[in-house]
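> Sharing a structure below in structure tokens format, with a few things to ask.
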Number of protein chains: 2
Amino acid sequence: MPTPEHMTDVVHRYLAAINAGDMEAVMELFANNAAVEDPAGTEPKTGPAILTFYQNAFSGGAKVELTDSIRISAKTTAFPFRAAIGQADGKVLNVEVIDIFEFNEAGKVEKMTAHFGPANITMSEG
Amino acid sequence: MPTPEHMTDVVHRYLAAINAGDMEAVMELFANNAAVEDPAGTEPKTGPAILTFYQNAFSGGAKVELTDSIRISAKTTAFPFRAAIGQADGKVLNVEVIDIFEFNEAGKVEKMTAHFGPANITMSEG
């Protein structure tokens, strides 16, 4: 069973890896059989498609930061954050998201679900 | 498909009903086949057990309020809130929670999952 301390650490490492633009470090947090449902309600991505997804999503650089406390249950974390994501046209996409991480026994993220939609998105000048 | 406006309204009605101590009003937001997994990782409650659960949880009175924005995807909301729940001994249990509501086509909550654990709980004098 993953400990609360481990799960908290994984959330911080995830955000730090995105801020560093290090998508390989993001991948290290996921289980081999992980599924990424981003946004919630879409077909989950698996396998190599997960890395491609992260690379595409954050190719323009991103700054992410927690906006509220991490909620930690037995094998799951829920954490609210804000992402400012550079766009090809130089503008910045600002998204308020809540990610759910479901952990396996080995402490890897087996399922990620990202909750956000148009109501949580604003565009600003870069 | 439930609209973002409807799902937002349901979240506000849910919190208002808890603050009013009106658990029947909470029940009106749920589908007949709803499942309530509170906290995440426990066996979901269904049927009449849902009302009993809410009555027991909030029998000492509760004050709930959003602590961050509501994230709204296609058929799901995720919302961070704080609950201050009166205890039998007069103390107050403070819990930081993120609830996930999954909506059916009729706009009723079909699945509720509450994310929190010991790390999110503090006790204070009443």
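By order in the structure tokens, chains are A, B, ...; within a chain, residues start at 1; ligands start at 1, following the order shown.
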List as JSON lines every residue of chain B that is in contact with chain A, defined as an atom at most 7 Å from one of its atoms (using only C-alpha atoms), together with the nearest atom pair and the distance in Å rounded to one decimal, sorted by chain and then rising number.

```
{"residue": "B:Pro39", "atom": "CA", "partner": "A:Ser73", "partner_atom": "CA", "distance": 6.9}
{"residue": "B:Ala40", "atom": "CA", "partner": "A:Ser73", "partner_atom": "CA", "distance": 6.1}
{"residue": "B:Gly41", "atom": "CA", "partner": "A:Ala74", "partner_atom": "CA", "distance": 6.1}
{"residue": "B:Asp68", "atom": "CA", "partner": "A:Asp68", "partner_atom": "CA", "distance": 6.7}
{"residue": "B:Arg71", "atom": "CA", "partner": "A:Phe116", "partner_atom": "CA", "distance": 4.8}
{"residue": "B:Ile72", "atom": "CA", "partner": "A:Phe116", "partner_atom": "CA", "distance": 5.1}
{"residue": "B:Ser73", "atom": "CA", "partner": "A:Gly117", "partner_atom": "CA", "distance": 4.5}
{"residue": "B:Ala74", "atom": "CA", "partner": "A:Gly41", "partner_atom": "CA", "distance": 6.1}
{"residue": "B:Lys75", "atom": "CA", "partner": "A:Gly41", "partner_atom": "CA", "distance": 6.9}
{"residue": "B:Ala78", "atom": "CA", "partner": "A:His115", "partner_atom": "CA", "distance": 6.5}
{"residue": "B:Val97", "atom": "CA", "partner": "A:Arg71", "partner_atom": "CA", "distance": 6.3}
{"residue": "B:Ile98", "atom": "CA", "partner": "A:Arg71", "partner_atom": "CA", "distance": 6.7}
{"residue": "B:His115", "atom": "CA", "partner": "A:Arg71", "partner_atom": "CA", "distance": 5.8}
{"residue": "B:Phe116", "atom": "CA", "partner": "A:Arg71", "partner_atom": "CA", "distance": 4.8}
{"residue": "B:Gly117", "atom": "CA", "partner": "A:Ser73", "partner_atom": "CA", "distance": 4.6}
{"residue": "B:Ala119", "atom": "CA", "partner": "A:Ile72", "partner_atom": "CA", "distance": 6.7}
{"residue": "B:Asn120", "atom": "CA", "partner": "A:Arg71", "partner_atom": "CA", "distance": 6.4}
```
> Pull all heavy atoms from the residues just selected and write them as a short mmCIF file (atom, residue, chain, number, x, y, z; two decimals), in the first residue's frame.

```cif
data_model
loop_
_atom_site.label_atom_id
_atom_site.label_comp_id
_atom_site.auth_asym_id
_atom_site.auth_seq_id
_atom_site.Cartn_x
_atom_site.Cartn_y
_atom_site.Cartn_z
N PRO B 39 -15.06 7.58 2.24
CA PRO B 39 -14.05 8.14 1.34
C PRO B 39 -13.67 7.20 0.20
O PRO B 39 -14.04 6.02 0.22
CB PRO B 39 -12.85 8.35 2.28
CG PRO B 39 -13.00 7.29 3.33
CD PRO B 39 -14.49 7.14 3.53
N ALA B 40 -12.93 7.75 -0.78
CA ALA B 40 -12.45 6.98 -1.92
C ALA B 40 -11.72 5.73 -1.43
O ALA B 40 -10.92 5.80 -0.49
CB ALA B 40 -11.50 7.83 -2.78
N GLY B 41 -12.02 4.59 -2.03
CA GLY B 41 -11.36 3.35 -1.66
C GLY B 41 -12.20 2.47 -0.75
O GLY B 41 -11.83 1.33 -0.47
N ASP B 68 -11.84 26.26 -3.60
CA ASP B 68 -11.20 26.53 -4.88
C ASP B 68 -12.28 26.35 -5.96
O ASP B 68 -13.42 25.96 -5.66
CB ASP B 68 -10.01 25.57 -5.08
CG ASP B 68 -8.99 26.07 -6.10
OD1 ASP B 68 -9.11 27.21 -6.56
OD2 ASP B 68 -8.07 25.30 -6.43
N ARG B 71 -14.12 22.35 -11.05
CA ARG B 71 -13.64 21.90 -12.36
C ARG B 71 -14.74 21.08 -13.02
O ARG B 71 -15.25 20.12 -12.42
CB ARG B 71 -12.38 21.05 -12.20
CG ARG B 71 -11.09 21.86 -12.14
CD ARG B 71 -10.93 22.71 -10.90
NE ARG B 71 -9.52 23.10 -10.73
CZ ARG B 71 -9.05 23.80 -9.72
NH1 ARG B 71 -9.87 24.23 -8.76
NH2 ARG B 71 -7.75 24.08 -9.64
N ILE B 72 -15.05 21.44 -14.28
CA ILE B 72 -16.22 20.87 -14.96
C ILE B 72 -15.80 20.26 -16.28
O ILE B 72 -15.40 20.98 -17.21
CB ILE B 72 -17.27 21.97 -15.22
CG1 ILE B 72 -17.60 22.71 -13.92
CG2 ILE B 72 -18.52 21.38 -15.84
CD1 ILE B 72 -18.41 23.98 -14.13
N SER B 73 -15.88 18.94 -16.39
CA SER B 73 -15.61 18.29 -17.67
C SER B 73 -16.95 17.85 -18.28
O SER B 73 -18.00 18.35 -17.89
CB SER B 73 -14.64 17.13 -17.48
OG SER B 73 -15.07 16.28 -16.45
N ALA B 74 -16.91 16.96 -19.27
CA ALA B 74 -18.11 16.68 -20.06
C ALA B 74 -19.31 16.25 -19.21
O ALA B 74 -20.42 16.76 -19.39
CB ALA B 74 -17.79 15.60 -21.10
N LYS B 75 -19.10 15.32 -18.29
CA LYS B 75 -20.23 14.82 -17.49
C LYS B 75 -19.87 14.72 -16.01
O LYS B 75 -20.50 13.97 -15.26
CB LYS B 75 -20.67 13.43 -17.99
CG LYS B 75 -21.10 13.42 -19.45
CD LYS B 75 -22.02 12.27 -19.77
CE LYS B 75 -21.42 10.90 -19.48
NZ LYS B 75 -22.32 9.80 -19.91
N ALA B 78 -15.56 18.26 -10.34
CA ALA B 78 -14.64 18.02 -9.23
C ALA B 78 -14.58 19.32 -8.45
O ALA B 78 -14.31 20.37 -9.04
CB ALA B 78 -13.26 17.63 -9.73
N VAL B 97 -11.81 18.30 1.57
CA VAL B 97 -12.28 17.22 0.71
C VAL B 97 -12.31 17.70 -0.75
O VAL B 97 -12.46 18.89 -1.01
CB VAL B 97 -13.73 16.80 1.12
CG1 VAL B 97 -14.18 15.57 0.35
CG2 VAL B 97 -13.84 16.59 2.62
N ILE B 98 -12.13 16.76 -1.67
CA ILE B 98 -12.51 17.00 -3.07
C ILE B 98 -13.54 15.95 -3.45
O ILE B 98 -13.27 14.75 -3.36
CB ILE B 98 -11.31 16.94 -4.03
CG1 ILE B 98 -10.40 18.16 -3.82
CG2 ILE B 98 -11.77 16.88 -5.49
CD1 ILE B 98 -9.12 18.16 -4.64
N HIS B 115 -12.72 12.47 -1.90
CA HIS B 115 -11.28 12.28 -1.71
C HIS B 115 -10.81 13.03 -0.47
O HIS B 115 -10.82 14.26 -0.45
CB HIS B 115 -10.51 12.77 -2.94
CG HIS B 115 -10.73 11.92 -4.16
ND1 HIS B 115 -9.90 10.87 -4.46
CD2 HIS B 115 -11.69 11.94 -5.10
CE1 HIS B 115 -10.34 10.29 -5.57
NE2 HIS B 115 -11.41 10.92 -5.97
N PHE B 116 -10.43 12.29 0.54
CA PHE B 116 -9.81 12.88 1.74
C PHE B 116 -9.27 11.72 2.57
O PHE B 116 -9.59 10.56 2.33
CB PHE B 116 -10.79 13.71 2.56
CG PHE B 116 -11.86 12.90 3.25
CD1 PHE B 116 -11.70 12.52 4.58
CD2 PHE B 116 -12.99 12.49 2.57
CE1 PHE B 116 -12.68 11.75 5.22
CE2 PHE B 116 -13.96 11.73 3.20
CZ PHE B 116 -13.80 11.35 4.52
N GLY B 117 -8.45 12.07 3.55
CA GLY B 117 -7.91 11.06 4.47
C GLY B 117 -7.39 11.75 5.70
O GLY B 117 -7.58 12.96 5.88
N ALA B 119 -4.65 12.91 6.57
CA ALA B 119 -3.82 14.10 6.34
C ALA B 119 -4.65 15.36 6.14
O ALA B 119 -4.13 16.47 6.24
CB ALA B 119 -2.92 13.89 5.12
N ASN B 120 -5.94 15.19 5.85
CA ASN B 120 -6.81 16.33 5.56
C ASN B 120 -7.75 16.68 6.71
O ASN B 120 -8.68 17.47 6.54
CB ASN B 120 -7.64 16.03 4.31
CG ASN B 120 -6.79 15.65 3.12
OD1 ASN B 120 -6.83 14.51 2.65
ND2 ASN B 120 -5.98 16.56 2.66
#
```
> If you run DSSP on the backbone here, which positions in segment 24-122 of chain B get helix (DSSP H, G or I)? Please write them as JSON, numbers by chain.
{"B": [24, 25, 26, 27, 48, 49, 50, 51, 52, 53, 54, 55, 56, 57, 118, 119, 120]}
> Env of segment 50-64 of chain B: 9 Å cut, atoms = only C-alpha atoms, seq-sep filter 2 positions within chain, self excluded. Answer as a ChimeraX atom specification.
/B:15-16,18-21,23-24,26-27,34-36,45-48,66,81-88,90
> Got a sec: who's within 10 Å of Glu110 of chain A, counting only C-alpha atoms, leaving out chain neighbours fewer than 4 positions off, as an MDAnalysis selection string?
chainID A and resid 29:36 101:106
> What is the distance between atom CA of Glu37 of chain B and atom CA of Ser124 of chain B, in Å to one decimal?
25.9 Å
> For the strand (DSSP E or B) assignment from backbone DSSP, which residues of segment 19-113 of chain A qualify? Please present them as a PyMOL selection string.
chain A and resi 30-37+45-46+62-66+71-72+76-86+92-103+109-113
> Please save C-alpha atoms of the selected residues as a PDB file, in the first residue's frame.

```pdb
ATOM      1  CA  PHE A  30       3.464   5.996 -14.089  1.00  0.00           C
ATOM      2  CA  ALA A  31       3.000   2.208 -14.039  1.00  0.00           C
ATOM      3  CA  ASN A  32       3.676   0.334 -17.292  1.00  0.00           C
ATOM      4  CA  ASN A  33      -0.047  -0.386 -17.596  1.00  0.00           C
ATOM      5  CA  ALA A  34      -1.092   3.171 -16.767  1.00  0.00           C
ATOM      6  CA  ALA A  35      -4.084   4.911 -18.341  1.00  0.00           C
ATOM      7  CA  VAL A  36      -4.364   8.692 -18.677  1.00  0.00           C
ATOM      8  CA  GLU A  37      -7.889  10.112 -19.086  1.00  0.00           C
ATOM      9  CA  LYS A  45      -4.399   7.021 -23.432  1.00  0.00           C
ATOM     10  CA  THR A  46      -2.069   4.072 -22.728  1.00  0.00           C
ATOM     11  CA  ALA A  62       4.307  25.140 -18.922  1.00  0.00           C
ATOM     12  CA  LYS A  63       4.213  26.487 -15.399  1.00  0.00           C
ATOM     13  CA  VAL A  64       2.072  24.486 -12.982  1.00  0.00           C
ATOM     14  CA  GLU A  65       1.355  25.157  -9.309  1.00  0.00           C
ATOM     15  CA  LEU A  66      -1.015  23.815  -6.669  1.00  0.00           C
ATOM     16  CA  ARG A  71      -6.479  15.364  -0.718  1.00  0.00           C
ATOM     17  CA  ILE A  72      -5.102  11.913   0.109  1.00  0.00           C
ATOM     18  CA  THR A  76      -5.593   7.958  -4.345  1.00  0.00           C
ATOM     19  CA  THR A  77      -4.654  11.627  -4.441  1.00  0.00           C
ATOM     20  CA  ALA A  78      -6.739  14.522  -5.729  1.00  0.00           C
ATOM     21  CA  PHE A  79      -4.955  17.814  -6.272  1.00  0.00           C
ATOM     22  CA  PRO A  80      -6.109  21.165  -7.627  1.00  0.00           C
ATOM     23  CA  PHE A  81      -3.613  23.099  -9.716  1.00  0.00           C
ATOM     24  CA  ARG A  82      -3.291  25.840 -12.294  1.00  0.00           C
ATOM     25  CA  ALA A  83      -1.368  25.355 -15.532  1.00  0.00           C
ATOM     26  CA  ALA A  84      -0.090  28.203 -17.702  1.00  0.00           C
ATOM     27  CA  ILE A  85       0.765  26.626 -21.037  1.00  0.00           C
ATOM     28  CA  GLY A  86       2.601  28.403 -23.855  1.00  0.00           C
ATOM     29  CA  VAL A  92      -0.744  31.528 -22.810  1.00  0.00           C
ATOM     30  CA  LEU A  93      -3.515  29.059 -22.053  1.00  0.00           C
ATOM     31  CA  ASN A  94      -4.472  29.159 -18.358  1.00  0.00           C
ATOM     32  CA  VAL A  95      -6.270  26.062 -17.111  1.00  0.00           C
ATOM     33  CA  GLU A  96      -7.550  25.221 -13.632  1.00  0.00           C
ATOM     34  CA  VAL A  97      -7.454  21.444 -13.243  1.00  0.00           C
ATOM     35  CA  ILE A  98      -8.009  18.781 -10.603  1.00  0.00           C
ATOM     36  CA  ASP A  99      -5.999  15.627 -11.248  1.00  0.00           C
ATOM     37  CA  ILE A 100      -6.815  12.293  -9.652  1.00  0.00           C
ATOM     38  CA  PHE A 101      -3.927   9.833  -9.279  1.00  0.00           C
ATOM     39  CA  GLU A 102      -4.790   6.211  -8.499  1.00  0.00           C
ATOM     40  CA  PHE A 103      -1.755   4.302  -7.233  1.00  0.00           C
ATOM     41  CA  VAL A 109       0.330   5.934 -10.869  1.00  0.00           C
ATOM     42  CA  GLU A 110      -1.958   3.423 -12.550  1.00  0.00           C
ATOM     43  CA  LYS A 111      -4.720   5.831 -13.563  1.00  0.00           C
ATOM     44  CA  MET A 112      -4.706   9.575 -14.005  1.00  0.00           C
ATOM     45  CA  THR A 113      -7.899  11.512 -14.590  1.00  0.00           C
TER      46      THR A 113
END
```
> Any idea what the distance is between atom CA of Ala49 of chain B and atom CA of Glu28 of chain B?
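Interatomic distance, atom CA of Ala49 of chain B to atom CA of Glu28 of chain B: 14.5 Å.
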